[in-house]
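Asks: One file: my_file.cif (mmCIF, C-alpha atoms and all ligand atoms).
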```cif
data_run
#
loop_
_atom_site.label_atom_id
_atom_site.label_comp_id
_atom_site.auth_asym_id
_atom_site.auth_seq_id
_atom_site.Cartn_x
_atom_site.Cartn_y
_atom_site.Cartn_z
CA MET O 257 -73.91 7.14 -77.73
CA PRO O 258 -71.66 8.00 -80.63
CA GLU O 259 -72.85 6.56 -83.92
CA LEU O 260 -70.70 4.67 -86.38
CA SER O 261 -69.36 7.67 -88.29
CA LYS O 262 -68.31 9.21 -84.97
CA ILE O 263 -66.48 6.00 -84.06
CA GLU O 264 -64.77 6.10 -87.45
CA GLU O 265 -63.73 9.70 -86.81
CA ILE O 266 -62.48 8.91 -83.31
CA SER O 267 -60.49 5.89 -84.43
CA GLN O 268 -58.88 7.91 -87.21
CA GLY O 269 -58.05 10.59 -84.66
CA VAL O 270 -56.52 7.98 -82.35
CA VAL O 271 -54.32 6.60 -85.11
CA ALA O 272 -53.25 10.18 -85.95
CA GLY O 273 -52.28 10.62 -82.29
CA ASP O 274 -54.86 13.33 -81.59
CA ARG O 275 -55.19 13.89 -77.83
CA ARG O 276 -58.90 14.62 -77.80
CA SER O 277 -59.65 11.50 -79.81
CA ILE O 278 -57.51 9.40 -77.46
CA ALA O 279 -59.41 10.75 -74.46
CA ARG O 280 -62.78 10.14 -76.09
CA ALA O 281 -61.76 6.64 -77.19
CA ILE O 282 -60.75 5.69 -73.65
CA THR O 283 -64.06 6.99 -72.33
CA ILE O 284 -65.91 4.80 -74.85
CA ILE O 285 -63.99 1.67 -73.86
CA GLU O 286 -64.48 2.48 -70.18
CA ASN O 287 -68.23 2.32 -70.73
CA ASP O 288 -67.79 -0.98 -72.59
CA ALA O 289 -70.54 0.02 -74.99
CA PRO O 290 -71.07 -1.99 -78.21
CA GLU O 291 -69.19 0.87 -79.92
CA ALA O 292 -66.11 -0.09 -77.91
CA LYS O 293 -65.77 -3.34 -79.86
CA THR O 294 -66.03 -1.49 -83.16
CA LEU O 295 -63.46 1.01 -82.02
CA ILE O 296 -60.96 -1.63 -80.92
CA SER O 297 -61.41 -3.60 -84.13
CA LYS O 298 -60.74 -0.42 -86.15
CA ILE O 299 -57.52 0.46 -84.33
CA TYR O 300 -56.24 -3.08 -83.69
CA SER O 301 -54.02 -3.32 -86.77
CA HIS O 302 -52.16 -0.22 -85.54
CA THR O 303 -51.23 -1.81 -82.22
CA GLY O 304 -48.16 -3.84 -81.36
CA LYS O 305 -45.52 -1.15 -81.73
CA ALA O 306 -45.33 0.30 -78.22
CA HIS O 307 -43.22 -1.12 -75.45
CA ILE O 308 -45.78 -1.91 -72.78
CA ILE O 309 -44.38 -1.73 -69.28
CA GLY O 310 -46.25 -2.80 -66.16
CA LEU O 311 -45.21 -1.30 -62.87
CA THR O 312 -46.57 -2.96 -59.80
CA GLY O 313 -45.89 -3.14 -56.09
CA PRO O 314 -47.32 -2.26 -52.71
CA SER O 315 -49.11 1.01 -52.15
CA GLY O 316 -46.70 3.70 -51.02
CA SER O 317 -43.61 2.07 -52.55
CA GLY O 318 -43.24 5.05 -54.90
CA LYS O 319 -44.72 3.79 -58.16
CA SER O 320 -46.34 7.06 -59.22
CA THR O 321 -43.30 9.11 -58.23
CA LEU O 322 -41.04 6.76 -60.14
CA ILE O 323 -43.29 6.80 -63.21
CA GLU O 324 -43.07 10.58 -63.32
CA LYS O 325 -39.27 10.33 -63.43
CA ILE O 326 -39.34 7.49 -65.97
CA VAL O 327 -41.59 9.56 -68.23
CA ARG O 328 -39.22 12.55 -68.00
CA GLU O 329 -36.24 10.36 -68.83
CA TYR O 330 -37.97 8.84 -71.85
CA ARG O 331 -38.95 12.33 -73.01
CA ARG O 332 -35.31 13.38 -72.78
CA ARG O 333 -34.57 10.45 -75.05
CA GLY O 334 -37.17 11.65 -77.54
CA LYS O 335 -39.75 8.96 -76.84
CA SER O 336 -43.48 9.61 -76.49
CA VAL O 337 -45.17 8.03 -73.48
CA GLY O 338 -48.65 6.99 -72.39
CA VAL O 339 -49.51 6.20 -68.79
CA VAL O 340 -52.51 4.26 -67.49
CA ALA O 341 -52.74 4.42 -63.72
CA VAL O 342 -54.94 1.83 -62.04
CA ASP O 343 -54.47 3.11 -58.53
CA PRO O 344 -57.07 4.66 -56.27
CA THR O 345 -54.44 6.80 -54.56
CA SER O 346 -52.75 7.92 -57.74
CA PRO O 347 -51.54 11.53 -57.75
CA PHE O 348 -52.49 11.51 -61.42
CA THR O 349 -56.06 11.89 -60.16
CA GLY O 350 -55.67 13.31 -56.70
CA GLY O 351 -55.37 11.76 -53.31
CA ALA O 352 -51.73 12.81 -53.16
CA PHE O 353 -49.72 15.70 -51.85
CA LEU O 354 -50.14 18.94 -53.71
CA GLY O 355 -46.49 19.01 -54.80
CA ASP O 356 -46.79 15.59 -56.43
CA ARG O 357 -49.99 16.57 -58.15
CA ILE O 358 -48.53 19.76 -59.59
CA ARG O 359 -45.55 17.89 -61.03
CA MET O 360 -47.88 15.36 -62.65
CA GLN O 361 -50.01 18.10 -64.14
CA GLU O 362 -46.95 19.79 -65.63
CA LEU O 363 -46.10 16.51 -67.22
CA SER O 364 -49.52 16.09 -68.78
CA THR O 365 -49.31 19.43 -70.64
CA ASP O 366 -46.45 17.92 -72.64
CA GLU O 367 -47.78 16.93 -76.10
CA GLY O 368 -45.66 13.77 -76.06
CA VAL O 369 -47.26 12.50 -72.87
CA PHE O 370 -50.76 11.18 -72.28
CA ILE O 371 -51.80 10.24 -68.75
CA ARG O 372 -55.04 8.57 -67.85
CA SER O 373 -56.20 7.30 -64.51
CA MET O 374 -58.69 4.44 -64.28
CA ALA O 375 -59.17 4.66 -60.57
CA THR O 376 -62.49 6.17 -59.79
CA ARG O 377 -65.24 3.78 -60.74
CA ASN O 378 -66.43 0.32 -61.60
CA TYR O 379 -66.12 -0.89 -65.15
CA PRO O 380 -68.89 -2.94 -66.77
CA GLY O 381 -66.41 -5.23 -68.54
CA GLY O 382 -63.99 -5.33 -65.62
CA ILE O 383 -61.00 -3.16 -64.84
CA ALA O 384 -58.55 -5.57 -66.49
CA LYS O 385 -60.33 -5.37 -69.83
CA ALA O 386 -60.72 -1.58 -69.63
CA THR O 387 -57.00 -1.27 -68.87
CA ARG O 388 -56.04 -3.58 -71.69
CA ASP O 389 -58.14 -1.62 -74.17
CA ALA O 390 -56.81 1.74 -72.93
CA VAL O 391 -53.30 0.40 -73.51
CA LYS O 392 -54.29 -0.63 -77.04
CA ILE O 393 -55.55 2.87 -77.75
CA LEU O 394 -52.31 4.49 -76.56
CA ASP O 395 -50.33 1.94 -78.56
CA ALA O 396 -52.37 2.62 -81.71
CA ALA O 397 -51.96 6.36 -81.08
CA GLY O 398 -48.25 5.89 -81.65
CA LYS O 399 -46.90 6.18 -78.12
CA ASP O 400 -43.46 4.60 -78.05
CA ILE O 401 -43.83 3.59 -74.43
CA VAL O 402 -47.00 2.72 -72.50
CA ILE O 403 -46.71 2.37 -68.73
CA VAL O 404 -49.39 0.73 -66.60
CA GLU O 405 -49.36 1.36 -62.86
CA THR O 406 -51.18 -1.18 -60.69
CA VAL O 407 -51.19 -1.79 -56.97
CA GLY O 408 -49.71 -5.18 -56.22
CA ALA O 409 -52.65 -6.38 -54.21
CA GLY O 410 -55.61 -8.63 -54.81
CA GLN O 411 -55.97 -9.83 -58.35
CA SER O 412 -54.18 -7.06 -60.15
CA GLU O 413 -50.73 -8.60 -59.88
CA VAL O 414 -51.85 -11.57 -61.91
CA GLU O 415 -53.77 -9.37 -64.34
CA ILE O 416 -50.75 -7.24 -65.19
CA ILE O 417 -49.13 -10.15 -67.01
CA LYS O 418 -52.04 -10.09 -69.44
CA VAL O 419 -51.30 -6.48 -70.29
CA ALA O 420 -47.58 -5.77 -70.07
CA GLU O 421 -44.54 -7.13 -71.89
CA THR O 422 -42.07 -6.01 -69.29
CA ILE O 423 -43.05 -6.19 -65.65
CA VAL O 424 -41.30 -4.09 -63.05
CA VAL O 425 -41.97 -5.01 -59.44
CA ILE O 426 -41.24 -2.27 -56.95
CA HIS O 427 -40.48 -2.62 -53.31
CA ALA O 428 -39.37 -0.11 -50.72
CA PRO O 429 -37.92 -0.41 -47.23
CA GLY O 430 -40.27 0.35 -44.38
CA LEU O 431 -43.37 -1.21 -45.90
CA GLY O 432 -44.14 -4.00 -43.49
CA ASP O 433 -40.36 -4.41 -43.49
CA ASP O 434 -39.84 -7.87 -44.86
CA ILE O 435 -40.03 -9.08 -48.37
CA GLN O 436 -43.32 -10.82 -47.71
CA ALA O 437 -44.81 -7.55 -48.86
CA ILE O 438 -43.93 -8.74 -52.33
CA LYS O 439 -46.27 -11.62 -52.84
CA ALA O 440 -45.03 -14.90 -54.23
CA GLY O 441 -47.04 -14.32 -57.40
CA LEU O 442 -45.18 -11.10 -58.03
CA MET O 443 -41.77 -12.73 -57.62
CA GLU O 444 -42.70 -15.12 -60.40
CA ILE O 445 -43.76 -12.55 -62.96
CA ALA O 446 -41.14 -9.84 -62.39
CA ASP O 447 -38.71 -9.06 -65.20
CA ILE O 448 -37.03 -6.29 -63.24
CA PHE O 449 -37.00 -5.62 -59.51
CA VAL O 450 -36.66 -2.13 -58.19
CA VAL O 451 -35.94 -1.26 -54.59
CA ASN O 452 -37.10 2.34 -54.36
CA LYS O 453 -36.41 4.78 -51.52
CA ALA O 454 -32.77 3.79 -51.63
CA ASP O 455 -32.13 6.95 -49.61
CA ARG O 456 -33.67 5.19 -46.63
CA GLU O 457 -31.89 2.81 -44.32
CA ASN O 458 -32.62 -0.88 -44.85
CA ALA O 459 -32.62 -0.45 -48.64
CA GLU O 460 -29.60 -2.72 -48.89
CA LYS O 461 -31.35 -5.36 -46.83
CA ALA O 462 -34.36 -5.26 -49.16
CA ILE O 463 -32.03 -5.82 -52.11
CA THR O 464 -30.24 -8.80 -50.56
CA ASP O 465 -33.60 -10.27 -49.49
CA ILE O 466 -34.89 -10.14 -53.06
CA GLN O 467 -31.66 -11.58 -54.42
CA ALA O 468 -31.84 -14.42 -51.92
CA MET O 469 -35.38 -15.13 -52.95
CA LEU O 470 -34.42 -15.15 -56.61
CA GLN O 471 -31.73 -17.69 -55.88
CA LEU O 472 -34.33 -20.01 -54.39
CA ASN O 473 -36.04 -20.01 -57.73
CA THR O 474 -33.96 -22.66 -59.44
CA LYS O 475 -35.89 -22.65 -62.69
CA GLU O 476 -33.44 -21.91 -65.48
CA LYS O 477 -34.52 -18.72 -67.16
CA ALA O 478 -33.21 -17.09 -70.30
CA TRP O 479 -33.78 -13.69 -68.71
CA LYS O 480 -32.41 -13.17 -65.23
CA PRO O 481 -34.36 -10.43 -63.45
CA PRO O 482 -31.96 -7.75 -62.24
CA VAL O 483 -32.45 -5.99 -58.90
CA LEU O 484 -32.00 -2.21 -59.20
CA LYS O 485 -32.25 0.60 -56.73
CA THR O 486 -33.79 4.01 -57.22
CA VAL O 487 -34.60 7.19 -55.38
CA ALA O 488 -37.77 8.24 -57.16
CA LEU O 489 -37.77 11.59 -55.36
CA THR O 490 -34.54 12.66 -57.08
CA GLY O 491 -34.55 10.41 -60.13
CA GLU O 492 -31.42 8.59 -59.01
CA GLY O 493 -31.13 5.20 -60.69
CA VAL O 494 -33.77 5.99 -63.32
CA PRO O 495 -31.40 6.06 -66.34
CA GLN O 496 -30.12 2.61 -65.27
CA LEU O 497 -33.71 1.38 -65.02
CA ILE O 498 -34.43 2.64 -68.54
CA GLU O 499 -31.34 0.79 -69.81
CA LYS O 500 -32.67 -2.44 -68.30
CA LEU O 501 -36.14 -1.81 -69.76
CA GLU O 502 -34.59 -1.39 -73.20
CA GLU O 503 -32.47 -4.49 -72.69
CA HIS O 504 -35.55 -6.50 -71.81
CA ARG O 505 -37.35 -5.21 -74.88
CA THR O 506 -34.42 -6.26 -77.08
CA PHE O 507 -34.46 -9.64 -75.36
CA LEU O 508 -38.19 -10.07 -76.09
CA LYS O 509 -37.69 -9.12 -79.73
CA ARG O 510 -34.80 -11.54 -80.10
CA GLU O 511 -36.99 -14.34 -78.76
CA LYS O 512 -39.48 -13.40 -81.51
CA ILE O 513 -42.75 -14.48 -80.00
CA GLY O 514 -42.18 -14.30 -76.27
CA GLU O 515 -44.03 -16.65 -73.95
CA LYS O 516 -45.83 -13.64 -72.61
CA SER O 517 -47.29 -12.33 -75.84
CA LEU O 518 -48.52 -15.82 -76.62
CA LEU O 519 -50.08 -16.01 -73.17
CA ARG O 520 -51.65 -12.59 -73.66
CA ALA O 521 -53.11 -13.48 -77.03
CA GLU O 522 -54.42 -16.76 -75.63
CA THR O 523 -56.05 -15.14 -72.62
CA GLU O 524 -57.75 -12.54 -74.76
CA LEU O 525 -59.01 -15.11 -77.23
CA VAL O 526 -60.31 -17.39 -74.46
CA GLU O 527 -62.07 -14.48 -72.77
CA ALA O 528 -63.61 -13.26 -76.01
CA ILE O 529 -64.83 -16.77 -76.89
CA LYS O 530 -66.30 -17.23 -73.42
CA GLU O 531 -68.16 -13.97 -73.58
CA LYS O 532 -69.56 -14.61 -77.05
CA ALA O 533 -70.39 -18.25 -76.37
CA VAL O 534 -72.21 -17.50 -73.14
CA ASN O 535 -74.18 -14.66 -74.71
CA SER O 536 -75.24 -16.67 -77.71
CA ILE O 537 -76.25 -19.70 -75.63
CA ILE O 538 -78.36 -17.56 -73.33
CA GLU O 539 -79.96 -15.77 -76.26
CA GLU O 540 -80.84 -19.07 -77.86
CA LEU O 541 -82.27 -20.48 -74.62
CA LYS O 542 -84.39 -17.36 -74.29
CA ARG O 543 -85.61 -17.68 -77.87
CA GLU O 544 -86.62 -21.27 -77.20
CA GLY O 545 -88.34 -20.24 -73.98
CA LYS O 546 -86.20 -22.67 -71.96
CA PHE O 547 -84.48 -19.90 -70.06
CA GLN O 548 -87.73 -18.42 -68.70
CA GLU O 549 -89.13 -21.88 -68.02
CA THR O 550 -86.08 -22.81 -65.95
CA LEU O 551 -86.17 -19.50 -64.11
CA GLN O 552 -89.68 -20.31 -62.93
CA LYS O 553 -88.55 -23.73 -61.71
CA ILE O 554 -85.69 -22.16 -59.78
CA MET O 555 -88.07 -19.62 -58.23
CA ALA O 556 -90.40 -22.46 -57.24
CA LYS O 557 -87.38 -24.23 -55.67
CA GLU O 558 -87.95 -27.23 -57.92
CA ILE O 559 -84.32 -27.12 -58.98
CA ASP O 560 -81.17 -25.23 -57.97
CA PRO O 561 -79.47 -22.89 -60.48
CA SER O 562 -76.34 -25.00 -60.89
CA SER O 563 -78.24 -28.23 -61.65
CA ALA O 564 -80.55 -26.27 -63.91
CA ALA O 565 -77.57 -24.92 -65.86
CA GLU O 566 -76.19 -28.45 -66.19
CA LYS O 567 -79.50 -29.70 -67.52
CA LEU O 568 -79.86 -26.86 -70.00
CA LEU O 569 -76.34 -27.31 -71.30
CA HIS O 570 -76.77 -31.06 -71.46
CA SER O 571 -79.80 -30.69 -73.68
CA LYS O 572 -77.78 -28.35 -75.88
CA PHE O 573 -74.49 -30.23 -76.10
CA LYS O 574 -75.05 -33.89 -75.47
CA LYS O 575 -71.51 -34.38 -74.19
CA ALA O 576 -71.52 -31.57 -71.66
CA LYS O 577 -71.78 -32.75 -68.07
N1 LIG O 601 -37.71 8.97 -49.12
C1 LIG O 601 -38.29 8.67 -50.28
N2 LIG O 601 -39.61 8.85 -50.44
C2 LIG O 601 -40.18 8.52 -51.62
C3 LIG O 601 -39.39 8.02 -52.70
N3 LIG O 601 -40.23 7.78 -53.74
C4 LIG O 601 -41.47 8.13 -53.34
N4 LIG O 601 -41.45 8.58 -52.07
C5 LIG O 601 -42.60 9.05 -51.28
O1 LIG O 601 -43.41 7.93 -50.95
C6 LIG O 601 -44.79 8.29 -50.94
C7 LIG O 601 -45.60 7.35 -51.84
O2 LIG O 601 -45.22 7.57 -53.18
P1 LIG O 601 -46.17 7.21 -54.41
O3 LIG O 601 -45.40 7.47 -55.64
O4 LIG O 601 -47.49 7.85 -54.28
O5 LIG O 601 -46.33 5.63 -54.18
P2 LIG O 601 -47.33 4.58 -54.88
O6 LIG O 601 -48.48 4.40 -53.95
O7 LIG O 601 -46.53 3.33 -55.00
O8 LIG O 601 -47.71 5.14 -56.20
C8 LIG O 601 -44.85 9.74 -51.37
O9 LIG O 601 -44.96 10.55 -50.24
C9 LIG O 601 -43.53 9.96 -52.07
O10 LIG O 601 -43.11 11.30 -52.01
C10 LIG O 601 -37.99 7.86 -52.51
O11 LIG O 601 -37.23 7.43 -53.37
N5 LIG O 601 -37.50 8.20 -51.27
MG MG O 602 -49.52 5.46 -57.16
#
```
As structure tokens, please, write out the structure in this file.
Replies:
Amino acid sequence: MPELSKIEEISQGVVAGDRRSIARAITIIENDAPEAKTLISKIYSHTGKAHIIGLTGPSGSGKSTLIEKIVREYRRRGKSVGVVAVDPTSPFTGGAFLGDRIRMQELSTDEGVFIRSMATRNYPGGIAKATRDAVKILDAAGKDIVIVETVGAGQSEVEIIKVAETIVVIHAPGLGDDIQAIKAGLMEIADIFVVNKADRENAEKAITDIQAMLQLNTKEKAWKPPVLKTVALTGEGVPQLIEKLEEHRTFLKREKIGEKSLLRAETELVEAIKEKAVNSIIEELKREGKFQETLQKIMAKEIDPSSAAEKLLHSKFKKAK
């Protein structure tokens, strides 16, 4: 485990944009060691400058391919980019065709690009937290743009809102055909819709389906999510997508504190309080011997764990149920 002076050195390296330090910092946060907290607290004041973009959608819709083209377009525009891919099939790590993988590798030799995949293991603090912290590191490292790729399945679609300012939901024709492939939760959180594989037939139908679904949503919104089409293979439609991303960023800035950043800050604070509160209560119960005592009672089937927890908490906070 790196000691404090090492953490200091790494965090200074991160803030200076040093690649090796960024890589080491992400490894530390992945392990969720006590050093990770120190590291994040040291770099935190340097965060908040990057435009954090979440890209989500069904597997095979072309997220990774599109990200590669988005990165190239941003590079052409002189912006530095970080990518965090939370996708088990990401070509950033493997599991893709050789051609895709070679293009990604080319990209990662560019000094202005940092790509990290978080796909291959379990994270002690949870994948959402590890992703969030990796994004903070890339942000603190001075990347103008940070892109997070997640598969729109399971919990991740709801988690992405805790990480990204601008959420792009991708769909493609031929993925279970109908728009049901985009879950209701995703429709709600999308800032921009992209129908990729516009070179395929049925792309137009996917677009009109999404538009119809958006019309059903009668809630008056200050930002109306546009529906764009792309061909990630050729890069067609990518400059238009970047324009919309920039427009959304400007919109967020104009609104000063967007609903989303408030929600993000709130979620993080609630989670941090929960973690600390739970740990300190358990520590105290252990110190008082009540924890061990109750464990024995549970083992002896004198009480079930849930009732035992209620009792313990009741003795601690009189008002707790
Ligand atoms: N025809 C066509 N194929 C595409 C397009 N974009 C991506 N693909 C292919 O779709 C497959 C899945 O792409 P990938 O980027 O890995 O999707 P992901 O799982 O969403 O990240 C790959 O074989 C890509 O080459 C596109 O615009 N048109
Ligand atoms: Mg992918």
Asks: With only C-alpha atoms as the basis for distance, which of O:Ser336, O:His427, O:Ile417, O:Met469 is at the shortest distance from Gly316 in chain O?
Replies: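 Looking only at the distances to Gly316 in chain O, the closest residue turns out to be O:His427.
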Asks: One decimal, Å: what's the distance from CA of Leu363 in chain O over to CA of Val327 in chain O, could you say?
Replies: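 These two atoms are separated by 8.3 Å.
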Asks: Check every protein, DNA and RNA residue against ligand LIG 601 (chain O), keep those with an atom at most 7 Å away (counting all atoms listed in the file), and present them as a PyMOL selection string.
Replies: chain O and resi 313-322+345-347+352+452-456+486-490
Asks: When you count all atoms listed in the file, which of these residues is closest to Ile278 in chain O: O:Val494, O:Ala306, O:Ala341, O:Ala397?
Replies: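 So, comparing all the options, the nearest one is O:Ala397.
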Asks: Quick check, in Å to one decimal: how far apart do CA of Lys574 in chain O and CA of Ser562 in chain O lie?
Replies: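 We find that CA of Lys574 in chain O and CA of Ser562 in chain O lie 17.1 Å from each other.
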Asks: Ranking O:Ala564, O:Val340, O:Ala478, O:Leu472 by minimum distance to Gln552 in chain O and counting all atoms listed in the file, which one comes first?
Replies: O:Ala564
Asks: For CA of Lys335 in chain O and CA of Ile401 in chain O, quote the distance in Å rounded to one decimal.
Replies: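 Interatomic distance, CA of Lys335 in chain O to CA of Ile401 in chain O: 7.2 Å.
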Asks: Name all residues at most 8 Å from Ile282 in chain O (count all atoms listed in the file; drop same-chain ones fewer than 2 positions away) and give them as JSON, numbers by chain.
Replies: {"O": [278, 279, 280, 284, 285, 286, 389, 390, 393]}
